[in-house]
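Asker: Following this line is model11.cif, made up of mmCIF, C-alpha atoms:
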data_work
#
loop_
_atom_site.label_atom_id
_atom_site.label_comp_id
_atom_site.auth_asym_id
_atom_site.auth_seq_id
_atom_site.Cartn_x
_atom_site.Cartn_y
_atom_site.Cartn_z
CA MET A 1 -1.17 -101.92 38.72
CA ALA A 2 -4.77 -100.81 39.20
CA SER A 3 -3.68 -97.85 41.24
CA SER A 4 -1.15 -96.95 38.60
CA GLU A 5 -3.79 -97.10 35.94
CA GLY A 6 -6.08 -94.93 38.12
CA GLN A 7 -3.30 -92.42 38.52
CA TYR A 8 -2.90 -92.25 34.82
CA ASP A 9 -6.67 -91.76 34.33
CA SER A 10 -6.67 -88.87 36.83
CA ASP A 11 -3.74 -87.18 35.14
CA ASP A 12 -5.46 -87.57 31.79
CA GLY A 13 -8.58 -85.88 33.20
CA MET A 14 -6.55 -82.98 34.61
CA ASP A 15 -4.81 -82.48 31.31
CA GLU A 16 -8.19 -82.37 29.59
CA PHE A 17 -9.51 -79.82 32.14
CA MET A 18 -6.46 -77.57 31.73
CA ASP A 19 -6.72 -77.73 27.96
CA LYS A 20 -10.39 -76.69 28.15
CA PHE A 21 -9.56 -73.91 30.70
CA LYS A 22 -6.97 -72.45 28.34
CA THR A 23 -9.40 -72.35 25.45
CA LEU A 24 -12.49 -71.08 27.33
CA GLY A 25 -10.80 -68.60 29.69
CA TYR A 26 -12.37 -67.09 32.87
CA LYS A 27 -15.42 -64.95 32.15
CA ASN A 28 -15.28 -62.81 35.35
CA ALA A 29 -11.58 -62.00 35.27
CA PHE A 30 -10.25 -58.39 35.30
CA SER A 31 -8.90 -57.25 31.98
CA GLU A 32 -5.55 -55.57 31.54
CA ASP A 33 -7.38 -52.30 30.76
CA ASN A 34 -9.74 -52.09 33.76
CA TRP A 35 -8.11 -54.02 36.59
CA GLU A 36 -7.16 -50.86 38.54
CA GLU A 37 -10.69 -49.48 38.25
CA GLU A 38 -12.18 -52.82 39.40
CA PHE A 39 -9.78 -53.09 42.32
CA ASP A 40 -10.81 -49.59 43.44
CA LYS A 41 -14.39 -50.82 43.85
CA ILE A 42 -13.34 -53.35 46.49
CA PRO A 43 -13.36 -51.81 50.03
CA MET A 44 -10.10 -53.49 51.03
CA PHE A 45 -8.21 -51.91 48.11
CA MET A 46 -9.97 -48.53 47.91
CA LYS A 47 -7.63 -45.56 48.07
CA LYS A 48 -10.49 -43.13 48.80
CA ALA A 49 -14.16 -43.56 49.66
CA PRO A 50 -16.63 -42.36 46.97
CA ASP A 51 -18.81 -39.33 47.64
CA GLU A 52 -21.99 -41.32 46.99
CA ILE A 53 -22.28 -45.05 47.44
CA ASP A 54 -24.29 -46.68 44.63
CA PRO A 55 -25.22 -50.25 45.71
CA LYS A 56 -25.07 -51.44 42.10
CA LYS A 57 -21.61 -50.00 41.54
CA TYR A 58 -20.20 -50.66 45.02
CA PRO A 59 -22.14 -53.65 46.41
CA GLU A 60 -19.48 -54.65 48.94
CA LEU A 61 -19.14 -51.12 50.28
CA ALA A 62 -22.92 -50.70 50.48
CA CYS A 63 -23.09 -53.89 52.48
CA LEU A 64 -20.44 -52.69 54.91
CA GLN A 65 -22.18 -49.34 55.28
CA ALA A 66 -25.46 -51.09 56.06
CA MET A 67 -23.66 -53.08 58.74
CA ILE A 68 -22.08 -49.95 60.24
CA HIS A 69 -25.31 -47.96 60.29
CA ASP A 70 -27.61 -50.75 61.29
CA GLU A 71 -30.37 -48.92 63.15
CA ASP A 72 -31.10 -52.03 65.17
CA ARG A 73 -27.82 -51.71 67.01
CA PRO A 74 -27.61 -49.73 70.30
CA PRO A 75 -27.03 -45.95 69.90
CA GLU A 76 -23.64 -46.27 71.57
CA GLU A 77 -22.44 -48.73 68.91
CA GLN A 78 -23.80 -46.57 66.10
CA ALA A 79 -22.18 -43.44 67.51
CA ASN A 80 -18.89 -45.25 67.98
CA SER A 81 -18.98 -46.55 64.38
CA LEU A 82 -19.64 -43.02 63.09
CA LYS A 83 -16.77 -41.79 65.21
CA ASP A 84 -14.44 -44.34 63.61
CA GLU A 85 -15.71 -43.44 60.15
CA GLY A 86 -15.11 -39.76 60.90
CA ASN A 87 -11.60 -40.54 62.12
CA ALA A 88 -10.88 -42.32 58.83
CA PHE A 89 -11.95 -39.24 56.88
CA PHE A 90 -9.93 -37.06 59.26
CA LYS A 91 -6.78 -39.08 58.53
CA GLU A 92 -7.42 -38.50 54.83
CA LYS A 93 -7.70 -34.76 55.63
CA ASP A 94 -11.26 -34.78 54.36
CA TYR A 95 -12.42 -32.62 57.25
CA GLN A 96 -15.84 -31.80 55.81
CA LYS A 97 -16.85 -35.44 55.68
CA ALA A 98 -15.31 -36.03 59.08
CA ILE A 99 -17.53 -33.27 60.51
CA LEU A 100 -20.59 -34.88 58.91
CA CYS A 101 -19.76 -38.22 60.54
CA TYR A 102 -19.09 -36.72 63.98
CA THR A 103 -22.31 -34.72 63.76
CA ALA A 104 -24.28 -37.83 62.81
CA GLY A 105 -22.73 -39.62 65.78
CA LEU A 106 -23.77 -36.85 68.16
CA LYS A 107 -27.32 -37.00 66.79
CA LYS A 108 -27.56 -40.58 68.04
CA ASN A 109 -27.88 -39.06 71.52
CA CYS A 110 -26.16 -41.98 73.13
CA GLY A 111 -25.68 -41.83 76.87
CA ASP A 112 -21.96 -42.57 76.74
CA GLN A 113 -20.24 -39.36 77.87
CA GLU A 114 -16.83 -40.63 76.78
CA ILE A 115 -18.00 -41.14 73.16
CA ASN A 116 -19.84 -37.81 73.09
CA THR A 117 -16.79 -35.99 74.43
CA ILE A 118 -14.56 -37.56 71.78
CA LEU A 119 -17.07 -36.75 69.02
CA LEU A 120 -17.19 -33.10 70.09
CA THR A 121 -13.41 -32.86 70.48
CA ASN A 122 -12.75 -34.51 67.13
CA ARG A 123 -15.29 -32.28 65.42
CA ALA A 124 -13.58 -29.29 67.03
CA ALA A 125 -10.29 -30.49 65.53
CA ALA A 126 -11.85 -30.82 62.07
CA HIS A 127 -13.32 -27.32 62.31
CA PHE A 128 -9.94 -26.03 63.49
CA HIS A 129 -8.17 -27.43 60.43
CA LEU A 130 -10.79 -25.82 58.18
CA GLY A 131 -10.23 -22.45 59.86
CA ASN A 132 -13.67 -22.41 61.51
CA MET A 133 -12.24 -21.20 64.81
CA ARG A 134 -15.51 -20.06 66.38
CA SER A 135 -17.22 -23.42 65.63
CA ALA A 136 -14.16 -25.26 66.89
CA LEU A 137 -14.20 -23.25 70.13
CA ASN A 138 -17.90 -23.96 70.62
CA ASP A 139 -17.31 -27.70 70.24
CA ALA A 140 -14.33 -27.64 72.59
CA ALA A 141 -16.42 -25.76 75.17
CA ALA A 142 -19.25 -28.31 74.80
CA ALA A 143 -16.78 -31.17 75.27
CA LYS A 144 -15.34 -29.48 78.36
CA LYS A 145 -18.84 -29.10 79.76
CA VAL A 146 -19.44 -32.84 79.38
CA LYS A 147 -16.01 -33.77 80.71
CA PRO A 148 -14.19 -30.80 82.35
CA ASP A 149 -10.80 -32.54 82.57
CA HIS A 150 -10.65 -33.81 78.96
CA LEU A 151 -7.14 -32.80 77.93
CA LYS A 152 -7.64 -32.69 74.16
CA ALA A 153 -10.72 -30.49 74.51
CA LEU A 154 -8.81 -28.13 76.82
CA VAL A 155 -5.84 -27.88 74.47
CA ARG A 156 -8.07 -27.32 71.45
CA GLY A 157 -10.01 -24.62 73.30
CA VAL A 158 -6.78 -22.76 74.12
CA GLN A 159 -5.58 -22.98 70.52
CA CYS A 160 -8.88 -21.61 69.24
CA CYS A 161 -8.79 -18.71 71.71
CA ILE A 162 -5.26 -17.81 70.62
CA GLU A 163 -6.25 -17.90 66.94
CA LEU A 164 -9.25 -15.68 67.74
CA ARG A 165 -6.95 -13.33 69.72
CA LEU A 166 -8.92 -14.01 72.89
CA PHE A 167 -5.77 -14.20 74.94
CA ALA A 168 -7.34 -13.65 78.37
CA GLU A 169 -9.81 -16.47 77.68
CA ALA A 170 -6.96 -18.67 76.46
CA MET A 171 -5.16 -18.19 79.75
CA GLN A 172 -8.37 -18.99 81.62
CA TRP A 173 -8.69 -22.25 79.67
CA CYS A 174 -5.08 -23.07 80.52
CA ASP A 175 -5.58 -22.38 84.20
CA GLU A 176 -8.62 -24.66 84.30
CA GLY A 177 -6.71 -27.37 82.46
CA LEU A 178 -3.64 -27.12 84.67
CA LYS A 179 -5.76 -27.77 87.74
CA ALA A 180 -6.46 -31.24 86.36
CA HIS A 181 -3.14 -31.66 84.51
CA PRO A 182 -0.61 -29.51 86.42
CA THR A 183 2.46 -30.88 84.62
CA ASP A 184 1.11 -31.11 81.09
CA LYS A 185 3.80 -29.70 78.82
CA LYS A 186 1.41 -28.62 76.04
CA LEU A 187 -0.83 -26.63 78.37
CA LEU A 188 2.18 -24.97 79.99
CA GLU A 189 3.58 -23.99 76.59
CA LEU A 190 0.21 -22.65 75.42
CA ARG A 191 -0.23 -20.62 78.60
CA ALA A 192 3.18 -19.01 78.12
CA SER A 193 2.31 -18.26 74.50
CA ALA A 194 -1.11 -16.82 75.41
CA ASP A 195 0.46 -14.65 78.12
CA LYS A 196 3.07 -13.37 75.67
CA HIS A 197 0.41 -12.55 73.07
CA LYS A 198 -1.77 -10.91 75.72
CA ARG A 199 1.05 -8.64 76.85
CA ALA A 200 1.90 -7.73 73.25
CA ALA A 201 -1.74 -6.95 72.47
CA GLU A 202 -2.05 -4.75 75.56
CA ARG A 203 1.18 -2.97 74.64
CA ASP A 204 -0.07 -2.38 71.07
CA ALA A 205 -3.38 -1.10 72.42
CA ARG A 206 -1.58 1.37 74.70
CA LYS A 207 0.58 2.56 71.80
CA ALA A 208 -2.46 2.96 69.55
CA LYS A 209 -4.31 4.88 72.24
CA ALA A 210 -1.31 7.16 72.87
CA LYS A 211 -0.94 7.74 69.13
CA GLU A 212 -4.63 8.49 68.78
CA LYS A 213 -4.45 10.91 71.69
CA LYS A 214 -1.42 12.63 70.15
CA LEU A 215 -3.11 12.92 66.76
CA HIS A 216 -6.24 14.26 68.41
CA GLY A 217 -4.17 16.86 70.22
CA GLU A 218 -2.44 17.84 66.98
CA LYS A 219 -5.77 18.13 65.18
CA GLU A 220 -7.23 20.26 67.95
CA ALA A 221 -4.18 22.54 67.90
CA LEU A 222 -4.43 22.81 64.10
CA LEU A 223 -8.12 23.64 64.17
CA THR A 224 -7.58 26.17 66.93
CA ALA A 225 -4.82 27.84 64.90
CA ILE A 226 -7.12 28.05 61.85
CA LYS A 227 -10.01 29.38 63.91
CA ASP A 228 -7.86 31.98 65.69
CA ARG A 229 -6.73 33.36 62.33
CA GLY A 230 -10.30 33.76 61.13
CA ILE A 231 -9.73 31.40 58.20
CA LYS A 232 -12.92 29.84 56.84
CA LEU A 233 -13.33 26.29 55.61
CA ALA A 234 -15.99 25.50 53.04
CA GLN A 235 -18.30 22.96 54.66
CA PRO A 236 -18.55 19.56 52.99
CA VAL A 237 -22.01 19.02 51.53
CA LYS A 238 -22.97 16.53 54.25
CA HIS A 239 -22.45 19.20 56.93
CA ARG A 240 -24.35 22.03 55.25
CA GLN A 241 -27.68 23.03 56.72
CA HIS A 242 -30.47 22.68 54.19
CA GLY A 243 -32.62 25.74 53.57
CA SER A 244 -30.09 28.20 55.02
CA ASP A 245 -29.64 31.60 53.37
CA SER A 246 -26.77 32.79 55.55
CA GLU A 247 -23.48 33.45 53.75
CA ASP A 248 -21.49 31.84 56.55
CA GLU A 249 -23.73 28.80 56.69
CA ASP A 250 -23.73 28.40 52.90
CA GLU A 251 -19.94 28.31 52.62
CA GLY A 252 -18.31 27.98 56.02
CA SER A 253 -17.31 29.99 59.02
CA SER A 254 -14.60 30.13 61.63
CA ALA A 255 -17.22 29.34 64.26
CA ALA A 256 -18.14 26.14 62.45
CA ILE A 257 -14.59 24.81 62.34
CA SER A 258 -14.82 23.03 65.67
CA GLN A 259 -17.90 21.13 64.44
CA LEU A 260 -16.30 20.32 61.10
CA SER A 261 -13.31 18.60 62.69
CA LEU A 262 -10.91 18.01 59.79
CA ASP A 263 -13.58 17.13 57.23
CA GLY A 264 -12.91 20.42 55.48
CA LEU A 265 -9.19 19.62 55.28
CA SER A 266 -9.43 16.39 53.33
CA SER A 267 -6.88 17.27 50.66
CA LYS A 268 -4.47 14.57 51.81
CA GLU A 269 -6.56 11.85 50.16
CA VAL A 270 -6.44 13.68 46.82
CA THR A 271 -3.09 15.48 46.77
CA GLY A 272 -1.06 13.59 49.35
CA ALA A 273 -0.57 16.79 51.37
CA GLN A 274 -2.47 18.50 54.17
CA VAL A 275 -2.16 21.73 56.10
CA PHE A 276 0.09 21.40 59.16
CA LEU A 277 1.28 23.53 62.05
CA ASP A 278 5.06 23.70 62.45
CA GLN A 279 6.97 23.98 65.71
CA GLN A 280 7.16 27.74 65.34
CA GLY A 281 3.35 27.96 65.16
CA SER A 282 3.10 28.74 61.43
CA LEU A 283 0.57 27.08 59.13
CA HIS A 284 1.74 25.48 55.89
CA TRP A 285 -0.94 24.93 53.26
CA PRO A 286 -1.09 22.83 50.08
CA VAL A 287 -1.84 25.41 47.35
CA LEU A 288 -3.03 24.92 43.79
CA PHE A 289 -2.27 27.34 40.93
CA LEU A 290 -4.48 27.06 37.84
CA TYR A 291 -3.56 28.24 34.33
CA PRO A 292 -6.87 28.08 32.39
CA GLU A 293 -5.31 29.35 29.17
CA HIS A 294 -3.25 26.16 28.86
CA GLN A 295 -5.33 23.90 31.10
CA GLN A 296 -2.29 23.37 33.29
CA SER A 297 -1.68 23.59 37.02
CA ASP A 298 1.04 23.78 39.65
CA PHE A 299 0.88 22.35 43.14
CA ILE A 300 2.83 23.56 46.16
CA SER A 301 2.61 21.02 48.96
CA ALA A 302 3.66 23.35 51.80
CA PHE A 303 3.08 27.08 51.23
CA CYS A 304 3.99 28.88 54.48
CA GLU A 305 1.30 31.37 55.44
CA SER A 306 3.89 34.13 55.98
CA ASN A 307 5.32 33.80 52.46
CA CYS A 308 4.20 36.08 49.64
CA PHE A 309 2.95 34.77 46.31
CA ILE A 310 5.77 36.46 44.43
CA ASP A 311 8.27 34.28 46.32
CA HIS A 312 6.88 31.17 44.65
CA LEU A 313 6.08 32.79 41.29
CA ALA A 314 9.69 33.96 41.00
CA VAL A 315 10.85 30.36 41.39
CA MET A 316 8.25 28.77 39.11
CA PHE A 317 8.71 31.35 36.34
CA GLY A 318 12.33 32.33 36.80
CA GLU A 319 15.06 31.65 34.30
CA GLU A 320 13.47 28.46 33.00
CA LEU A 321 9.85 28.82 31.85
CA PRO A 322 7.47 25.82 31.71
CA PRO A 323 7.45 23.83 28.43
CA TRP A 324 3.74 24.56 27.82
CA ASP A 325 4.48 28.31 27.69
CA THR A 326 5.35 28.25 23.99
CA ASP A 327 4.99 32.04 23.67
CA ARG A 328 7.40 32.58 26.59
CA LYS A 329 5.14 35.15 28.22
CA TYR A 330 4.69 33.76 31.74
CA HIS A 331 7.14 36.03 33.51
CA PRO A 332 6.46 37.08 37.14
CA GLN A 333 6.05 40.74 36.18
CA ASN A 334 3.36 39.81 33.58
CA LEU A 335 1.20 37.66 35.81
CA GLN A 336 -2.07 38.49 37.54
CA LEU A 337 -3.40 36.42 40.42
CA TYR A 338 -7.09 35.85 41.31
CA PHE A 339 -9.27 33.77 43.57
CA GLU A 340 -12.88 33.01 42.77
CA ASP A 341 -15.94 33.55 44.95
CA GLU A 342 -18.32 31.08 43.33
CA GLN A 343 -21.35 32.10 45.37
CA LYS A 344 -21.09 35.76 44.36
CA GLU A 345 -19.64 34.92 40.93
CA THR A 346 -16.82 37.33 41.56
CA LEU A 347 -13.07 37.26 40.94
CA TYR A 348 -10.83 38.93 43.54
CA GLN A 349 -7.47 40.09 42.27
CA VAL A 350 -4.54 39.36 44.56
CA ASN A 351 -1.39 41.46 44.74
CA PRO A 352 1.54 39.02 44.33
CA GLU A 353 3.34 40.90 47.11
CA THR A 354 0.58 39.86 49.53
CA SER A 355 1.16 37.02 52.02
CA LEU A 356 -0.89 33.86 51.82
CA LEU A 357 -2.28 34.47 55.32
CA LYS A 358 -3.74 37.86 54.41
CA VAL A 359 -5.58 36.35 51.43
CA LEU A 360 -6.89 33.41 53.43
CA GLN A 361 -8.26 35.83 56.00
CA HIS A 362 -10.33 37.67 53.39
CA LYS A 363 -14.02 37.62 54.28
CA ARG A 364 -14.96 35.98 50.93
CA PHE A 365 -12.20 33.35 50.80
CA PHE A 366 -13.37 29.85 51.66
CA ILE A 367 -10.93 26.94 51.57
CA LYS A 368 -12.41 23.95 49.77
CA GLY A 369 -11.05 20.45 50.14
CA GLY A 370 -8.28 21.75 52.37
CA THR A 371 -6.46 23.30 49.40
CA PRO A 372 -6.55 27.03 48.57
CA SER A 373 -6.60 27.56 44.81
CA PHE A 374 -5.73 30.56 42.64
CA ILE A 375 -6.07 31.47 38.96
CA ILE A 376 -3.04 32.88 37.12
CA LEU A 377 -3.40 34.89 33.89
CA VAL A 378 -0.98 36.82 31.70
CA GLN A 379 -1.92 40.49 31.83
CA GLY A 380 -2.83 42.00 28.47
CA SER A 381 -3.00 38.68 26.61
CA LEU A 382 -5.93 37.84 24.34
CA PHE A 383 -7.02 35.02 26.65
CA TRP A 384 -6.83 37.39 29.65
CA LYS A 385 -9.31 39.74 27.95
CA GLN A 386 -11.64 36.93 26.93
CA PHE A 387 -11.53 35.24 30.32
CA LEU A 388 -12.36 38.41 32.28
CA THR A 389 -15.09 39.60 29.92
CA GLY A 390 -18.43 39.71 31.70
CA LYS A 391 -16.99 38.79 35.13
CA LYS A 392 -17.18 40.88 38.26
CA ILE A 393 -13.70 41.73 39.49
CA GLN A 394 -12.73 43.22 42.82
CA GLY A 395 -9.41 43.96 44.50
CA LEU A 396 -8.50 42.95 48.03
#
Write the structure described by the file as C-alpha cells, please.
Answerer:
Amino acid sequence: MASSEGQYDSDDGMDEFMDKFKTLGYKNAFSEDNWEEEFDKIPMFMKKAPDEIDPKKYPELACLQAMIHDEDRPPEEQANSLKDEGNAFFKEKDYQKAILCYTAGLKKNCGDQEINTILLTNRAAAHFHLGNMRSALNDAAAAKKVKPDHLKALVRGVQCCIELRLFAEAMQWCDEGLKAHPTDKKLLELRASADKHKRAAERDARKAKAKEKKLHGEKEALLTAIKDRGIKLAQPVKHRQHGSDSEDEDEGSSAAISQLSLDGLSSKEVTGAQVFLDQQGSLHWPVLFLYPEHQQSDFISAFCESNCFIDHLAVMFGEELPPWDTDRKYHPQNLQLYFEDEQKETLYQVNPETSLLKVLQHKRFFIKGGTPSFIILVQGSLFWKQFLTGKKIQGL
C-alpha cells in the first residue's frame, strides 16, 4: 500500500509540473515567425554559409571555424581542412570562395605533395568554371610539375589549351598524359578533339592567307591600272607632306599611288561601293552627281570608264524627271557638267559626250575619297548665273 501511495504522490507531482509548464512556457523556444531564420544559424541545418561569420550571430559556426583553422595544428591538417572547405564551396558552385580556400591551403606550404597537387588541380577547376582559362592552365601546369602523372591536372590542362585555341600544346599535354595513362578514355577523346581543332585551324589559316594573297594581288592590279592611266588620287591628310608647295604633292600624283595603297580609294566605307577592275581590264568607278540648286545628289555605283556622261544623264533625266525638279527643266540637252579644282578655285566644264576616263585623266582632276564627283547645273537658269558669278571657269 505504501508503494501505491508513493506512486500516487509521484503522479500528483508530475501533473503539477505539467500544469506549471503549460502556463509558463519555454523561454528559449523558436517562435512560429522566426523558426526558419533560427534554424539557418545552426551549422547542421544551414543551406548556405554566410559571407562573414559574426561570432555573436553564429556562435556555433564560429566555433567550428576556429577548430578548422586552429593554427596549432600541423600545416598538413590545416591545408587539408581548407581543401575540404573549398570543395564544399565548389559543390555549391561558389567558385570564388572555393578559390580563396584553395589559395589559403596552398599558403600553408605544407610538405604533402598529394595535398598541394589536389589544391592546385581543384583551384584550376574553379578558375575553369569561371572562365579564367589562363589562370586555370597555370594551376594545372603547376600541379603537373609537382606530380607529372596526376590525371585530373593533365585533363584540365588539355581542356584549358583547347579553350585557349592552343591546339598544339593541348596535343602535347595529351601525349605526356598518355605515357602515364595509355588507355585513359578522356585523354584519348581530348587528343582526338585537339587534333581535329588543330587541323581546322591550320586549314582556316591557309584559306585566310590565300584570300589575303588574292586580295593583295587584286589591289596591286587595280593600283597599277590606275597608275598606268595617269589618274591621280588626292592624298589623305595623314599622307600629305607638310610644308610642300608642289601641286602634285599637295593633291596627289600617279607616282604616289603605289605609296598610298588603297587609302585614297576608301569610298566603300561611306558609299558601299569602290572602284574595281573587270575581267576585260576596264575600271568601274563610283561617281557622285551634285545638284546644288536643289541640294540633291545622284550616285552611280559602277560608272564604266569608257562610258560617256550623256549615257547616264539620258537615263536619269529621260522620260521621267526627278520629283524635286518642280520646274521640269532638268532635261539632258539643258544640263551643264563641271568638276571643281579646289586648290585653284576653278570650275572645269565637261562636255557630256566625253568619256569618264578622259575627264579623270585631266591634269587638274584629283579623285577624293575614291569617288569622282561632278556638279550639274541647268544652263541659262537664274541659279546657274548666280552660281557661276565670280568663279573661274575653264573648258577641258
Asker: Which residues, written as JSON, numbers by chain, have at least one atom at most 12 Å from stretch 339-342 of chain A, with all atoms listed in the file counted and residues fewer than 6 positions away on the same chain left out?
Answerer: {"A": [234, 247, 250, 251, 287, 288, 289, 290, 348, 349, 350, 351, 356, 359, 360, 362, 363, 364, 365, 366, 367, 368, 372, 373, 374, 375, 376, 377, 388, 391, 392, 393, 394, 395, 396]}
Asker: Report the residues retrieved by the PyMOL selection byres ((chain A and resi 127) around 12) from the displayed file, expressed as a ChimeraX atom specification.
Answerer: /A:90,93-100,102-103,120-126,128-140,156-157,160
Asker: Output C-alpha atoms for every residue in the selection just made, as an mmCIF file, in the coordinates of the input.
Answerer:
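Now in again.cif:
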data_model
loop_
_atom_site.group_PDB
_atom_site.id
_atom_site.type_symbol
_atom_site.label_atom_id
_atom_site.label_comp_id
_atom_site.auth_asym_id
_atom_site.auth_seq_id
_atom_site.Cartn_x
_atom_site.Cartn_y
_atom_site.Cartn_z
ATOM 1 C CA PHE A 90 -9.930 -37.060 59.260
ATOM 2 C CA LYS A 93 -7.700 -34.760 55.630
ATOM 3 C CA ASP A 94 -11.260 -34.780 54.360
ATOM 4 C CA TYR A 95 -12.420 -32.620 57.250
ATOM 5 C CA GLN A 96 -15.840 -31.800 55.810
ATOM 6 C CA LYS A 97 -16.850 -35.440 55.680
ATOM 7 C CA ALA A 98 -15.310 -36.030 59.080
ATOM 8 C CA ILE A 99 -17.530 -33.270 60.510
ATOM 9 C CA LEU A 100 -20.590 -34.880 58.910
ATOM 10 C CA TYR A 102 -19.090 -36.720 63.980
ATOM 11 C CA THR A 103 -22.310 -34.720 63.760
ATOM 12 C CA LEU A 120 -17.190 -33.100 70.090
ATOM 13 C CA THR A 121 -13.410 -32.860 70.480
ATOM 14 C CA ASN A 122 -12.750 -34.510 67.130
ATOM 15 C CA ARG A 123 -15.290 -32.280 65.420
ATOM 16 C CA ALA A 124 -13.580 -29.290 67.030
ATOM 17 C CA ALA A 125 -10.290 -30.490 65.530
ATOM 18 C CA ALA A 126 -11.850 -30.820 62.070
ATOM 19 C CA PHE A 128 -9.940 -26.030 63.490
ATOM 20 C CA HIS A 129 -8.170 -27.430 60.430
ATOM 21 C CA LEU A 130 -10.790 -25.820 58.180
ATOM 22 C CA GLY A 131 -10.230 -22.450 59.860
ATOM 23 C CA ASN A 132 -13.670 -22.410 61.510
ATOM 24 C CA MET A 133 -12.240 -21.200 64.810
ATOM 25 C CA ARG A 134 -15.510 -20.060 66.380
ATOM 26 C CA SER A 135 -17.220 -23.420 65.630
ATOM 27 C CA ALA A 136 -14.160 -25.260 66.890
ATOM 28 C CA LEU A 137 -14.200 -23.250 70.130
ATOM 29 C CA ASN A 138 -17.900 -23.960 70.620
ATOM 30 C CA ASP A 139 -17.310 -27.700 70.240
ATOM 31 C CA ALA A 140 -14.330 -27.640 72.590
ATOM 32 C CA ARG A 156 -8.070 -27.320 71.450
ATOM 33 C CA GLY A 157 -10.010 -24.620 73.300
ATOM 34 C CA CYS A 160 -8.880 -21.610 69.240
#
Asker: Go through A:Tyr291, A:Leu357, A:Thr371, A:Glu76 one by one, measure the shortest atom-to-atom distance of each to A:Phe383 using all atoms listed in the file, and give the residue with the smallest value.
Answerer: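 Going through A:Tyr291, A:Leu357, A:Thr371, A:Glu76 one by one, the smallest distance to A:Phe383 is for A:Tyr291.
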Asker: With only C-alpha atoms as the basis for distance, which of A:Gln295, A:Gln274, A:Gln386, A:Ser81 is at the shortest distance from A:Ala104?
Answerer: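 When distances to A:Ala104 are compared using only C-alpha atoms, the smallest one comes from A:Ser81.
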Asker: Evaluate the PyMOL selection byres ((chain A and resi 278-286) around 8) on the structure here and hand back the selected residues as a list in words.
Answerer: Ala225, Ala273, Gln274, Val275, Phe276, Leu277, Val287, Leu288, Phe299, Ile300, Ser301, Ala302, Phe303, Cys304, Glu305, Ser306, Gly370, Thr371 and Pro372 of chain A
Asker: Neighbouring residues of A:His150 were defined as those with any atom within 12 Å, considering all atoms listed in the file; residues of the same chain fewer than 2 positions away were excluded. Please report them as a VMD selection string.
Answerer: chain A and resid 113 to 118 120 to 121 140 to 148 152 to 157 173 176 to 181
Asker: Report the distance between atom CA of A:Gly111 and atom CA of A:Lys83 in Å, rounded to one decimal place.
Answerer: 14.7 Å
Asker: Quick one: apply the PyMOL selection byres ((chain A and resi 79) around 10) to the file and drop the selected residues here as a ChimeraX atom specification.
Answerer: /A:68-69,74-78,80-85,101-110,112,115-116,119
Asker: Restricting the output to C-alpha atoms, write the selected residues as a CSV table (one decimal), in the frame of the given file.
Answerer:
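Output contents, as saved in part_30.csv:
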chain,number,residue,atom,x,y,z
A,68,ILE,CA,-22.1,-50.0,60.2
A,69,HIS,CA,-25.3,-48.0,60.3
A,74,PRO,CA,-27.6,-49.7,70.3
A,75,PRO,CA,-27.0,-46.0,69.9
A,76,GLU,CA,-23.6,-46.3,71.6
A,77,GLU,CA,-22.4,-48.7,68.9
A,78,GLN,CA,-23.8,-46.6,66.1
A,80,ASN,CA,-18.9,-45.2,68.0
A,81,SER,CA,-19.0,-46.6,64.4
A,82,LEU,CA,-19.6,-43.0,63.1
A,83,LYS,CA,-16.8,-41.8,65.2
A,84,ASP,CA,-14.4,-44.3,63.6
A,85,GLU,CA,-15.7,-43.4,60.2
A,101,CYS,CA,-19.8,-38.2,60.5
A,102,TYR,CA,-19.1,-36.7,64.0
A,103,THR,CA,-22.3,-34.7,63.8
A,104,ALA,CA,-24.3,-37.8,62.8
A,105,GLY,CA,-22.7,-39.6,65.8
A,106,LEU,CA,-23.8,-36.8,68.2
A,107,LYS,CA,-27.3,-37.0,66.8
A,108,LYS,CA,-27.6,-40.6,68.0
A,109,ASN,CA,-27.9,-39.1,71.5
A,110,CYS,CA,-26.2,-42.0,73.1
A,112,ASP,CA,-22.0,-42.6,76.7
A,115,ILE,CA,-18.0,-41.1,73.2
A,116,ASN,CA,-19.8,-37.8,73.1
A,119,LEU,CA,-17.1,-36.8,69.0
Asker: What does the structure give for the distance between atom CA of A:Glu163 and atom CA of A:Asn87, in Å to one decimal?
Answerer: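 Atom CA of A:Glu163 sits 23.8 Å away from atom CA of A:Asn87.
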Asker: Enter the distance from atom CA of A:Arg203 to atom CA of A:Gln159, in Å, rounded to one decimal.
Answerer: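 Atom CA of A:Gln159 lies 21.5 Å from atom CA of A:Arg203.
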Asker: Give me, as a PyMOL selection string, all polymer residues having an atom no more than 7 Å from A:Ile231, counting only C-alpha atoms and skipping those fewer than 4 positions away in the same chain.
Answerer: chain A and resi 226-227+254+360-361
Asker: Kindly indicate which residue among A:Lys358, A:Pro292, A:Trp384, A:Ile310 lies nearest to A:Gly230, using all atoms listed in the file for the distances.
Answerer: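 Result for the nearest residue to A:Gly230: A:Lys358.
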Asker: Need the shell around A:Ser193: protein/DNA/RNA residues with any atom at most 12 Å away, counting only C-alpha atoms. Skip same-chain ones fewer than 6 positions apart. Format as an NGL selection string?
Answerer: :A and (158-159 or 161-163 or 165 or 167-168 or 170-171 or 174 or 186-187 or 199-200)
Asker: Can you tell me, as a PyMOL selection string, what residues are no more than 9 Å from A:Met316 when counting all atoms listed in the file, ignoring any on the same chain fewer than 6 positions away?
Answerer: chain A and resi 298+322+332
Asker: Padding 3 Å on every side, please: axis-aligned box over the listed atoms of stretch 294-302 of chain A, centre and edge lengths to one decimal in Å, as AutoDock Vina command-line options.
Answerer:
--center_x -0.8 --center_y 23.6 --center_z 40.3 --size_x 15.0 --size_y 11.1 --size_z 28.9
Asker: Calculated over all atoms listed in the file, which of the candidates A:Thr389, A:Pro50, A:Glu353, A:Gln343 has the smallest distance to A:Asp311?
Answerer: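 Ranked by minimum distance to A:Asp311, first place goes to A:Glu353.
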